[in-house]
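Encoded as structure tokens, the structure appears first; notes follow it.
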2 protein chains.
Amino acid sequence: MSDVEADLVFHALADRTRRDIMGKVGEREHSISSLARQYEISFAAVQKHVAVLERASLVTKRVRGREKLVGGNAETLRRASRLLARYEQVWRHRDDAITRLLNERDERTES
Amino acid sequence: MSDVEADLVFHALADRTRRDIMGKVGEREHSISSLARQYEISFAAVQKHVAVLERASLVTKRVRGREKLVGGNAETLRRASRLLARYEQVWRHRDDAITRLLNERDERTES
DNA sequence: CTAACCTACAACCAAATGGTTGTAAGTGAG
DNA sequence: CTCACTTACAACCATTTGGTTGTAGGTTAG
């Protein structure tokens, strides 16, 4: 997952309204209007949130008549999940006392 | 993971400099100065990035003499990873043709 | 002791964000 | 055909963000 991609995805996830939308469109597709009706904010605001999710490839839109149905893109979600998992794995290595001691030595001789 | 928590964590992850810092401090602890020396931006800017990561509980600081060592907090990372995994699981259900057909019916009778 | 180093924090700035309202255009129901 | 519905997008506003410089306080090395 590229830096730009991660920027877009994590920024998209960093808003609770957008995460909420993610939850809904993951279960089944929703038109933008039907989504907008479920929030206090304006239609345009919801539309913008969907656009942010779409730029991040977290959702996709398809046309049905005069409306557009928004659905979740599980693939992107999986890639983001993988990125976090990679950090997690590396980090586990650091968690024992031995590496901590090594760190002390390394820090002292650093730069 | 609460909404506020997720807001902080995903916002913290949505910047490539901060993700880069995550990579470094996950392997071993780094002082803020030693981190700052590794980027083009000012010391204060790096300090702010670390503060954002700290507010999100993605890293912790401990004192060693006149410096503060920044280290990764694997626990928070795990919780974020879990949240994404939960979305992922729900989303998988939607991916077969049958649910798509059901959606069409549901959408038509909706609201 | 003193000078160098490390951290903290305030004040400031330009750009991006999340929200609003308003306008325009396509589609479908009746 | 016409009117209501759905989407798109521009313009605007307040707040936040990521960056800067400057100042001040602690700690340690020599």
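Simple scheme: letters A, B, ... for chains in structure tokens order, numbers from 1 for residues in each chain, numbers from 1 for ligands in the order shown.
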
### Task
Please return, as a list in words, all residues of chain D lying within 8 Å of chain B when only C-alpha atoms (C1' of nucleotides) are considered.
DG18, DG19, DT20, DG26, DT27 and DT28 of chain D

Mobile chain A placed on reference chain B by ordered C-alpha fit, as a PDB file with C-alpha atoms, in the first residue's frame:
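Okay, selection23.pdb is ready:
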ATOM      1  CA  MET A   1     -12.676   1.004  20.780  1.00  0.00           C
ATOM      2  CA  SER A   2     -14.624   4.232  21.384  1.00  0.00           C
ATOM      3  CA  ASP A   3     -15.406   6.821  18.718  1.00  0.00           C
ATOM      4  CA  VAL A   4     -13.088   9.425  20.222  1.00  0.00           C
ATOM      5  CA  GLU A   5     -10.315   6.878  20.444  1.00  0.00           C
ATOM      6  CA  ALA A   6     -10.756   5.825  16.812  1.00  0.00           C
ATOM      7  CA  ASP A   7     -10.862   9.496  15.760  1.00  0.00           C
ATOM      8  CA  LEU A   8      -7.498  10.095  17.420  1.00  0.00           C
ATOM      9  CA  VAL A   9      -5.854   6.897  16.210  1.00  0.00           C
ATOM     10  CA  PHE A  10      -6.885   7.097  12.557  1.00  0.00           C
ATOM     11  CA  HIS A  11      -6.159  10.794  12.384  1.00  0.00           C
ATOM     12  CA  ALA A  12      -2.706  10.084  13.806  1.00  0.00           C
ATOM     13  CA  LEU A  13      -2.140   7.396  11.181  1.00  0.00           C
ATOM     14  CA  ALA A  14      -3.293   9.668   8.354  1.00  0.00           C
ATOM     15  CA  ASP A  15       0.071  11.406   7.951  1.00  0.00           C
ATOM     16  CA  ARG A  16       3.051   9.763   6.331  1.00  0.00           C
ATOM     17  CA  THR A  17       5.630  11.430   8.562  1.00  0.00           C
ATOM     18  CA  ARG A  18       3.799  10.090  11.587  1.00  0.00           C
ATOM     19  CA  ARG A  19       3.532   6.622  10.050  1.00  0.00           C
ATOM     20  CA  ASP A  20       7.250   6.781   9.381  1.00  0.00           C
ATOM     21  CA  ILE A  21       7.901   7.684  13.014  1.00  0.00           C
ATOM     22  CA  MET A  22       5.708   4.742  14.001  1.00  0.00           C
ATOM     23  CA  GLY A  23       7.984   2.468  12.020  1.00  0.00           C
ATOM     24  CA  LYS A  24      11.115   3.738  13.749  1.00  0.00           C
ATOM     25  CA  VAL A  25       9.872   3.819  17.334  1.00  0.00           C
ATOM     26  CA  GLY A  26       8.325   0.407  16.926  1.00  0.00           C
ATOM     27  CA  GLU A  27      11.702  -1.181  16.335  1.00  0.00           C
ATOM     28  CA  ARG A  28      13.397   0.618  19.208  1.00  0.00           C
ATOM     29  CA  GLU A  29      12.977   3.747  21.303  1.00  0.00           C
ATOM     30  CA  HIS A  30      14.191   7.053  19.894  1.00  0.00           C
ATOM     31  CA  SER A  31      14.679  10.427  21.559  1.00  0.00           C
ATOM     32  CA  ILE A  32      12.718  13.270  19.987  1.00  0.00           C
ATOM     33  CA  SER A  33      15.934  14.995  18.892  1.00  0.00           C
ATOM     34  CA  SER A  34      17.276  11.874  17.239  1.00  0.00           C
ATOM     35  CA  LEU A  35      13.965  11.558  15.390  1.00  0.00           C
ATOM     36  CA  ALA A  36      14.001  15.224  14.415  1.00  0.00           C
ATOM     37  CA  ARG A  37      17.477  14.864  12.901  1.00  0.00           C
ATOM     38  CA  GLN A  38      16.074  12.285  10.479  1.00  0.00           C
ATOM     39  CA  TYR A  39      13.543  14.622   8.835  1.00  0.00           C
ATOM     40  CA  GLU A  40      13.771  17.826   6.840  1.00  0.00           C
ATOM     41  CA  ILE A  41      11.158  19.595   8.913  1.00  0.00           C
ATOM     42  CA  SER A  42      11.866  21.549  12.108  1.00  0.00           C
ATOM     43  CA  PHE A  43      12.332  20.061  15.559  1.00  0.00           C
ATOM     44  CA  ALA A  44       9.057  21.613  16.717  1.00  0.00           C
ATOM     45  CA  ALA A  45       7.189  20.013  13.838  1.00  0.00           C
ATOM     46  CA  VAL A  46       8.485  16.549  14.757  1.00  0.00           C
ATOM     47  CA  GLN A  47       7.656  17.256  18.380  1.00  0.00           C
ATOM     48  CA  LYS A  48       4.077  18.030  17.355  1.00  0.00           C
ATOM     49  CA  HIS A  49       3.838  14.812  15.358  1.00  0.00           C
ATOM     50  CA  VAL A  50       4.997  12.832  18.368  1.00  0.00           C
ATOM     51  CA  ALA A  51       2.422  14.655  20.489  1.00  0.00           C
ATOM     52  CA  VAL A  52      -0.336  13.613  18.066  1.00  0.00           C
ATOM     53  CA  LEU A  53       0.815   9.997  18.237  1.00  0.00           C
ATOM     54  CA  GLU A  54       0.978  10.223  22.008  1.00  0.00           C
ATOM     55  CA  ARG A  55      -2.547  11.657  22.361  1.00  0.00           C
ATOM     56  CA  ALA A  56      -3.721   8.679  20.313  1.00  0.00           C
ATOM     57  CA  SER A  57      -1.829   6.334  22.689  1.00  0.00           C
ATOM     58  CA  LEU A  58       0.092   4.965  19.738  1.00  0.00           C
ATOM     59  CA  VAL A  59       3.396   5.829  21.399  1.00  0.00           C
ATOM     60  CA  THR A  60       4.575   6.468  24.939  1.00  0.00           C
ATOM     61  CA  LYS A  61       7.368   8.614  26.293  1.00  0.00           C
ATOM     62  CA  ARG A  62       9.723   7.786  29.139  1.00  0.00           C
ATOM     63  CA  VAL A  63      12.450   9.967  30.597  1.00  0.00           C
ATOM     64  CA  ARG A  64      16.147   9.129  30.335  1.00  0.00           C
ATOM     65  CA  GLY A  65      18.216  11.969  31.697  1.00  0.00           C
ATOM     66  CA  ARG A  66      17.553  15.102  29.759  1.00  0.00           C
ATOM     67  CA  GLU A  67      15.894  13.315  26.879  1.00  0.00           C
ATOM     68  CA  LYS A  68      12.579  11.537  26.429  1.00  0.00           C
ATOM     69  CA  LEU A  69      12.522   8.217  24.676  1.00  0.00           C
ATOM     70  CA  VAL A  70       9.571   7.547  22.410  1.00  0.00           C
ATOM     71  CA  GLY A  71       8.443   3.955  22.009  1.00  0.00           C
ATOM     72  CA  GLY A  72       5.516   2.258  20.250  1.00  0.00           C
ATOM     73  CA  ASN A  73       2.419   1.068  22.100  1.00  0.00           C
ATOM     74  CA  ALA A  74       1.500  -2.194  20.401  1.00  0.00           C
ATOM     75  CA  GLU A  75      -1.751  -2.531  22.333  1.00  0.00           C
ATOM     76  CA  THR A  76      -3.430   0.493  20.699  1.00  0.00           C
ATOM     77  CA  LEU A  77      -2.263  -0.661  17.312  1.00  0.00           C
ATOM     78  CA  ARG A  78      -3.868  -4.034  17.951  1.00  0.00           C
ATOM     79  CA  ARG A  79      -7.177  -2.407  18.902  1.00  0.00           C
ATOM     80  CA  ALA A  80      -7.213  -0.361  15.687  1.00  0.00           C
ATOM     81  CA  SER A  81      -6.387  -3.433  13.684  1.00  0.00           C
ATOM     82  CA  ARG A  82      -9.291  -5.240  15.344  1.00  0.00           C
ATOM     83  CA  LEU A  83     -11.727  -2.481  14.392  1.00  0.00           C
ATOM     84  CA  LEU A  84     -10.788  -2.784  10.719  1.00  0.00           C
ATOM     85  CA  ALA A  85     -11.012  -6.548  10.939  1.00  0.00           C
ATOM     86  CA  ARG A  86     -14.568  -6.248  12.294  1.00  0.00           C
ATOM     87  CA  TYR A  87     -15.657  -4.127   9.316  1.00  0.00           C
ATOM     88  CA  GLU A  88     -13.959  -6.582   7.018  1.00  0.00           C
ATOM     89  CA  GLN A  89     -15.848  -9.533   8.419  1.00  0.00           C
ATOM     90  CA  VAL A  90     -19.261  -7.909   8.119  1.00  0.00           C
ATOM     91  CA  TRP A  91     -18.455  -6.736   4.612  1.00  0.00           C
ATOM     92  CA  ARG A  92     -17.577 -10.201   3.375  1.00  0.00           C
ATOM     93  CA  HIS A  93     -21.187 -11.285   3.922  1.00  0.00           C
ATOM     94  CA  ARG A  94     -22.368  -8.786   1.345  1.00  0.00           C
ATOM     95  CA  ASP A  95     -20.086 -10.061  -1.382  1.00  0.00           C
ATOM     96  CA  ASP A  96     -22.209 -12.835  -2.849  1.00  0.00           C
ATOM     97  CA  ALA A  97     -24.831 -12.445  -5.547  1.00  0.00           C
ATOM     98  CA  ILE A  98     -27.727 -13.530  -3.350  1.00  0.00           C
ATOM     99  CA  THR A  99     -27.451 -10.610  -0.952  1.00  0.00           C
ATOM    100  CA  ARG A 100     -27.177  -8.269  -3.921  1.00  0.00           C
ATOM    101  CA  LEU A 101     -30.549  -9.500  -5.169  1.00  0.00           C
ATOM    102  CA  LEU A 102     -32.030  -9.127  -1.711  1.00  0.00           C
ATOM    103  CA  ASN A 103     -30.682  -5.591  -1.616  1.00  0.00           C
ATOM    104  CA  GLU A 104     -32.564  -4.676  -4.768  1.00  0.00           C
ATOM    105  CA  ARG A 105     -35.821  -5.776  -3.193  1.00  0.00           C
ATOM    106  CA  ASP A 106     -35.043  -4.042   0.122  1.00  0.00           C
ATOM    107  CA  GLU A 107     -34.054  -0.798  -1.569  1.00  0.00           C
ATOM    108  CA  ARG A 108     -37.305  -0.683  -3.501  1.00  0.00           C
ATOM    109  CA  THR A 109     -39.451  -1.155  -0.409  1.00  0.00           C
ATOM    110  CA  GLU A 110     -37.261   1.109   1.708  1.00  0.00           C
ATOM    111  CA  SER A 111     -38.511   4.112   3.717  1.00  0.00           C
TER     112      SER A 111
END

DSSP alpha helix (DSSP H) selection over region 26-104 of chain A, as a ChimeraX atom specification:
/A:26-27,32-36,43-55,74-93,97-104

Surrounding residues of DG25 (chain D) excluding itself and chain neighbours under 5 positions, 12 Å, only C-alpha atoms (C1' of nucleotides), as a list in words: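 Near neighbours after the sequence-gap exclusion: Arg66 of chain B; DC6, DT7, DA8 and DC9 of chain C.
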
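Here the DSSP assignment of strand (DSSP E), based on backbone atoms, applies within chain A to A:His30, A:Ser31, A:Val59, A:Thr60, A:Lys61, A:Arg62, A:Val63, A:Arg64, A:Glu67, A:Lys68, A:Leu69, A:Val70, A:Gly71, A:Gly72.
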
Output N, CA and C atoms for every residue in that selection, as a short mmCIF file (atom, residue, chain, number, x, y, z; two decimals), in the first residue's frame.
data_model
loop_
_atom_site.label_atom_id
_atom_site.label_comp_id
_atom_site.auth_asym_id
_atom_site.auth_seq_id
_atom_site.Cartn_x
_atom_site.Cartn_y
_atom_site.Cartn_z
N HIS A 30 -26.48 1.58 -0.29
CA HIS A 30 -27.43 2.64 0.05
C HIS A 30 -27.29 3.76 -0.96
N SER A 31 -28.41 4.38 -1.34
CA SER A 31 -28.32 5.58 -2.17
C SER A 31 -27.83 6.72 -1.29
N VAL A 59 -15.21 2.88 -0.80
CA VAL A 59 -16.54 2.56 -1.31
C VAL A 59 -16.56 2.77 -2.82
N THR A 60 -17.56 2.20 -3.46
CA THR A 60 -17.75 2.41 -4.90
C THR A 60 -19.19 2.82 -5.13
N LYS A 61 -19.42 3.52 -6.24
CA LYS A 61 -20.77 3.92 -6.58
C LYS A 61 -21.19 3.22 -7.87
N ARG A 62 -22.44 2.81 -7.94
CA ARG A 62 -22.96 2.31 -9.22
C ARG A 62 -24.33 2.95 -9.42
N VAL A 63 -24.69 3.13 -10.68
CA VAL A 63 -25.93 3.84 -11.01
C VAL A 63 -27.11 2.88 -10.99
N ARG A 64 -28.22 3.31 -10.40
CA ARG A 64 -29.49 2.60 -10.57
C ARG A 64 -30.55 3.66 -10.80
N GLU A 67 -30.65 7.30 -9.11
CA GLU A 67 -29.82 7.32 -7.90
C GLU A 67 -28.51 6.57 -8.09
N LYS A 68 -27.57 6.82 -7.17
CA LYS A 68 -26.31 6.09 -7.18
C LYS A 68 -26.22 5.29 -5.90
N LEU A 69 -25.95 4.02 -6.04
CA LEU A 69 -25.86 3.16 -4.87
C LEU A 69 -24.41 3.07 -4.42
N VAL A 70 -24.21 3.30 -3.14
CA VAL A 70 -22.87 3.27 -2.55
C VAL A 70 -22.68 1.94 -1.85
N GLY A 71 -21.61 1.26 -2.17
CA GLY A 71 -21.30 -0.02 -1.54
C GLY A 71 -19.86 -0.06 -1.07
N GLY A 72 -19.56 -0.91 -0.10
CA GLY A 72 -18.21 -1.00 0.46
C GLY A 72 -17.27 -1.78 -0.44
#

Exercise for review: Find the distance between C1' of DC3 (chain D) and C1' of DA25 (chain C) and write it in Å to one decimal.
Suggested key: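 Calculated distance between C1' of DC3 (chain D) and C1' of DA25 (chain C) is 14.6 Å.
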
One number please: C1' of DG22 (chain C) to C1' of DT16 (chain D), in Å, one decimal.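 Between C1' of DG22 (chain C) and C1' of DT16 (chain D) the gap works out to 25.9 Å.
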
- Give me, please, the distance in Å between C1' of DA16 (chain C) and C1' of DT7 (chain D), quoted to one decimal.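 These atoms are spaced 24.5 Å apart.
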
All residues 12 Å or closer to DT2 (chain D), only C-alpha atoms (C1' of nucleotides), same chain fewer than 6 positions away omitted, as number ranges by chain
C: 28-30

* Asked: Counting only C-alpha atoms (C1' of nucleotides), what is within 9 Å of region 8-14 of chain D, bar same-chain residues fewer than 4 positions away, as number ranges by chain?
  -> C: 19-25

Store the residues picked out above in a file with N, CA and C atoms (P, O5', C5', C4', C3', O3' and C1' of nucleotides), as a compact mmCIF listing (two decimals), in the first residue's frame.
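Resulting contents of part.txt:
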# COMPACT_ATOMS: atom_id res chain seq x y z
P DG C 19 -19.19 17.25 9.18
O5' DG C 19 -20.05 18.49 8.65
C5' DG C 19 -20.59 19.40 9.58
C4' DG C 19 -20.77 20.77 8.99
C3' DG C 19 -21.88 20.95 7.96
O3' DG C 19 -23.16 20.97 8.56
C1' DG C 19 -19.98 22.32 7.49
P DT C 20 -24.47 20.91 7.63
O5' DT C 20 -24.57 22.38 7.01
C5' DT C 20 -24.71 23.51 7.88
C4' DT C 20 -24.63 24.79 7.05
C3' DT C 20 -25.66 24.88 5.93
O3' DT C 20 -26.84 25.50 6.42
C1' DT C 20 -23.49 25.53 5.15
P DT C 21 -28.18 25.39 5.57
O5' DT C 21 -27.85 26.32 4.31
C5' DT C 21 -27.71 27.72 4.48
C4' DT C 21 -27.46 28.39 3.13
C3' DT C 21 -28.64 28.23 2.15
O3' DT C 21 -28.92 29.49 1.56
C1' DT C 21 -26.63 27.42 1.16
P DG C 22 -30.16 29.71 0.62
O5' DG C 22 -29.50 29.53 -0.83
C5' DG C 22 -28.37 30.33 -1.18
C4' DG C 22 -27.94 30.02 -2.60
C3' DG C 22 -29.10 29.79 -3.58
O3' DG C 22 -28.81 30.48 -4.80
C1' DG C 22 -27.65 27.93 -3.61
P DT C 23 -29.91 30.62 -5.98
O5' DT C 23 -29.27 29.76 -7.16
C5' DT C 23 -27.88 29.95 -7.47
C4' DT C 23 -27.43 28.87 -8.43
C3' DT C 23 -28.45 28.55 -9.53
O3' DT C 23 -27.76 28.51 -10.77
C1' DT C 23 -27.80 26.58 -8.45
P DA C 24 -28.62 28.50 -12.20
O5' DA C 24 -28.26 27.05 -12.77
C5' DA C 24 -26.89 26.65 -12.78
C4' DA C 24 -26.81 25.17 -13.08
C3' DA C 24 -27.77 24.70 -14.17
O3' DA C 24 -27.06 23.84 -15.04
C1' DA C 24 -28.01 23.37 -12.24
P DA C 25 -27.61 23.62 -16.56
O5' DA C 25 -27.67 22.04 -16.66
C5' DA C 25 -26.60 21.26 -16.11
C4' DA C 25 -27.12 19.91 -15.73
C3' DA C 25 -28.14 19.36 -16.74
O3' DA C 25 -27.76 18.06 -17.13
C1' DA C 25 -28.94 19.15 -14.54
